[in-house]
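Visitor: So that we are looking at the same thing, I have put the structure below in structure tokens.
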Amino acid sequence: MLQVARLAPSLLQEAADRVAEFLLSQLNDDGGARDKSGKSDLYYTVFVLDGLVALKRDVPVERVRPYLEKHGDGAKLDLVHQACLARCWAAMPKGSFAHAEKLAERLEKLREDDGGFGSLYLTFVAQGALEDLGRTPKPDGIADMIASLAQPDGGYANNADIPAATTPTTAGAVTILQHLGAPVPPKAIEYLLARFHPDGGGFRAVPLAPIPDLLSTATALHALVAAHASIAGVKEKTLDFVDSLWTGKGFCGNWDEEAPDAEYTYYALLSLGHLSL
């Protein structure tokens with residue numbers, strides 16, 4: 001994802017400086033990035049750091065390090081925030097994270113009998129975190145676990161308790177399958193392409209969603225390209241969609257939002273990276 005997001009400045013051009021300034025402005029005094037309520041959160045810190053890396057800007061290491069260090073080995077964090085801690089340290093100088101091995105071992109203990117981590121989303125973030133921590137994630141059973149979440153419409157549900165597909169979960173399934181070298185069902189590609197908004201551009205989260213959003217757009221583009229599916233037919237209108245969410249400093253998540261944040265600004269970078277190819 002970062003490799004592709006690094007291509008975004010070719011479309012942003014002079015606006016890249018303003019995006020970098022916006023991302024830096026999201027850091028609180030303690031070194032963490034603010035969530036929607038203004039509190040520091042590892043989840044949003046990931047998007048600030050990875051956004052700066054994508055823009056080829058220096059990461060404010062000394063400013064962020066104390067915030068990361070206070071979380072130690074992540075023992076008090078849930079799985080998502082443990083993965084965020086691993087991702088944040090991956091943006092820091094190599095070898096900075098003293099507790100990498102301990103966190104990797106803790107994550108492995110959360111793996112369930114089917115090879116996953118309780119849901120498709122959690123499996124996606126946990127596998128990525130293990131790679132950030134220098135581990136080669138075990139593929140055992142994951143393709144079968146993903147297959148069990150396939151829905152009749154070609155999409156994938158997040159877990160068996162809610163049998164309904166969404167664009168982000170389907171994109172996650174396609175991306176994991178591609179990464180594992182497992183076959184990607186053509187129906188999954190059809191599902192993602194069908195979520196494209198023909199009038200406004202961008203991708204919708206579910207079939208009945210009235211408007212597209214940046215999370216669905218970025219993840220759909222990433223999955224389609226990973227699976228070697230053509231995005232030529234959606235390119236121009238999706239560029240227009242991403243541009244419509246630009247505020248002059250960062251990006252909003254959809255047309256109903258007025259304030260930009262770090263998460264959606266990163267998803268804009270990922271989208272622009274794919275659209276620049």
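Here's how to read the names in the structure tokens: chain A, B, ... by the order shown, residue numbers from 1 in each chain, ligand numbers from 1 in the order shown.
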Report as a PyMOL selection string all protein, DNA and RNA residues lying within 8 Å of A:Ala54, evaluated on only C-alpha atoms, omitting residues in the same chain fewer than 4 positions from it.
Guide: chain A and resi 2-3+5-8+50+269
Visitor: Could those selected residues go to a file with N, CA and C atoms, as a tab-separated table (two decimals), in the first residue's frame?
Guide:
chain	number	residue	atom	x	y	z
A	2	LEU	N	1.90	1.24	0.84
A	2	LEU	CA	2.78	2.41	0.89
A	2	LEU	C	3.50	2.64	-0.43
A	3	GLN	N	3.90	1.55	-1.06
A	3	GLN	CA	4.59	1.68	-2.34
A	3	GLN	C	3.71	2.40	-3.36
A	5	ALA	N	0.98	4.35	-2.54
A	5	ALA	CA	0.65	5.69	-2.03
A	5	ALA	C	1.77	6.69	-2.33
A	6	ARG	N	3.00	6.20	-2.44
A	6	ARG	CA	4.13	7.09	-2.75
A	6	ARG	C	4.02	7.73	-4.13
A	7	LEU	N	3.12	7.20	-4.96
A	7	LEU	CA	2.93	7.76	-6.30
A	7	LEU	C	1.96	8.94	-6.31
A	8	ALA	N	1.26	9.15	-5.19
A	8	ALA	CA	0.24	10.20	-5.13
A	8	ALA	C	0.77	11.60	-5.42
A	50	ASP	N	2.25	7.00	8.06
A	50	ASP	CA	2.29	6.41	6.72
A	50	ASP	C	2.02	7.46	5.65
A	269	LEU	N	-4.49	9.41	-0.60
A	269	LEU	CA	-3.15	9.17	-1.16
A	269	LEU	C	-3.09	7.80	-1.83
Visitor: Identify all residues of stretch 10-195 of chain A in strand (DSSP E) (DSSP on the backbone) and supply them as number ranges by chain.
Guide: A: 157-159, 162-165
Visitor: Find the residues around A:Phe47 up to 8 Å (only C-alpha atoms counted), leave out those fewer than 2 positions away in its own chain, and share them as a ChimeraX atom specification.
Guide: /A:43-45,49-51,262-263,266
Visitor: Show which residues sit within 9 Å of A:Ala157, as a compact mmCIF listing (two decimals) with N, CA and C atoms, in the first residue's frame. Count only C-alpha atoms, and ignore same-chain residues fewer than 5 positions away.
Guide:
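Writing done, so here's result_3.txt:
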# COMPACT_ATOMS: atom_id res chain seq x y z
N SER A 119 -12.30 -12.48 12.60
CA SER A 119 -13.07 -11.84 11.53
C SER A 119 -12.12 -11.57 10.37
N LEU A 120 -12.70 -11.24 9.23
CA LEU A 120 -11.86 -10.97 8.06
C LEU A 120 -11.00 -9.72 8.29
N ILE A 146 -11.59 -17.55 4.62
CA ILE A 146 -12.14 -16.50 3.76
C ILE A 146 -13.25 -17.07 2.89
N LEU A 149 -16.69 -17.17 4.22
CA LEU A 149 -17.38 -15.88 4.38
C LEU A 149 -17.90 -15.34 3.04
N ALA A 150 -17.73 -16.10 1.96
CA ALA A 150 -18.23 -15.67 0.65
C ALA A 150 -19.76 -15.63 0.65
N GLN A 151 -20.31 -14.61 0.03
CA GLN A 151 -21.76 -14.42 -0.04
C GLN A 151 -22.26 -14.68 -1.47
N ILE A 162 -22.76 -11.96 10.77
CA ILE A 162 -23.47 -10.97 9.95
C ILE A 162 -23.19 -11.30 8.49
N PRO A 163 -24.01 -12.13 7.88
CA PRO A 163 -23.76 -12.60 6.51
C PRO A 163 -24.12 -11.57 5.44
N ALA A 164 -23.40 -10.46 5.44
CA ALA A 164 -23.64 -9.41 4.44
C ALA A 164 -22.29 -8.86 4.00
N ALA A 165 -22.12 -8.75 2.69
CA ALA A 165 -20.84 -8.30 2.14
C ALA A 165 -20.75 -6.77 2.14
N THR A 166 -19.53 -6.27 2.23
CA THR A 166 -19.25 -4.85 2.05
C THR A 166 -18.05 -4.71 1.13
N THR A 169 -14.62 -5.20 3.21
CA THR A 169 -14.33 -6.58 3.58
C THR A 169 -14.02 -7.42 2.34
N THR A 170 -14.72 -7.18 1.27
CA THR A 170 -14.44 -7.91 0.03
C THR A 170 -13.07 -7.55 -0.51
Visitor: Point out the residue among A:Gly118, A:Gly134, A:Pro183, A:Pro139 with the least atom-to-atom distance to A:Glu101, counting only C-alpha atoms.
Guide: A:Gly134
Visitor: Please provide as an MDAnalysis selection string all residues within 6 Å of stretch 67-69 of chain A, with the sequence filter that same-chain residues fewer than 5 positions apart are discarded (counting only C-alpha atoms).
Guide: chainID A and resid 30:32
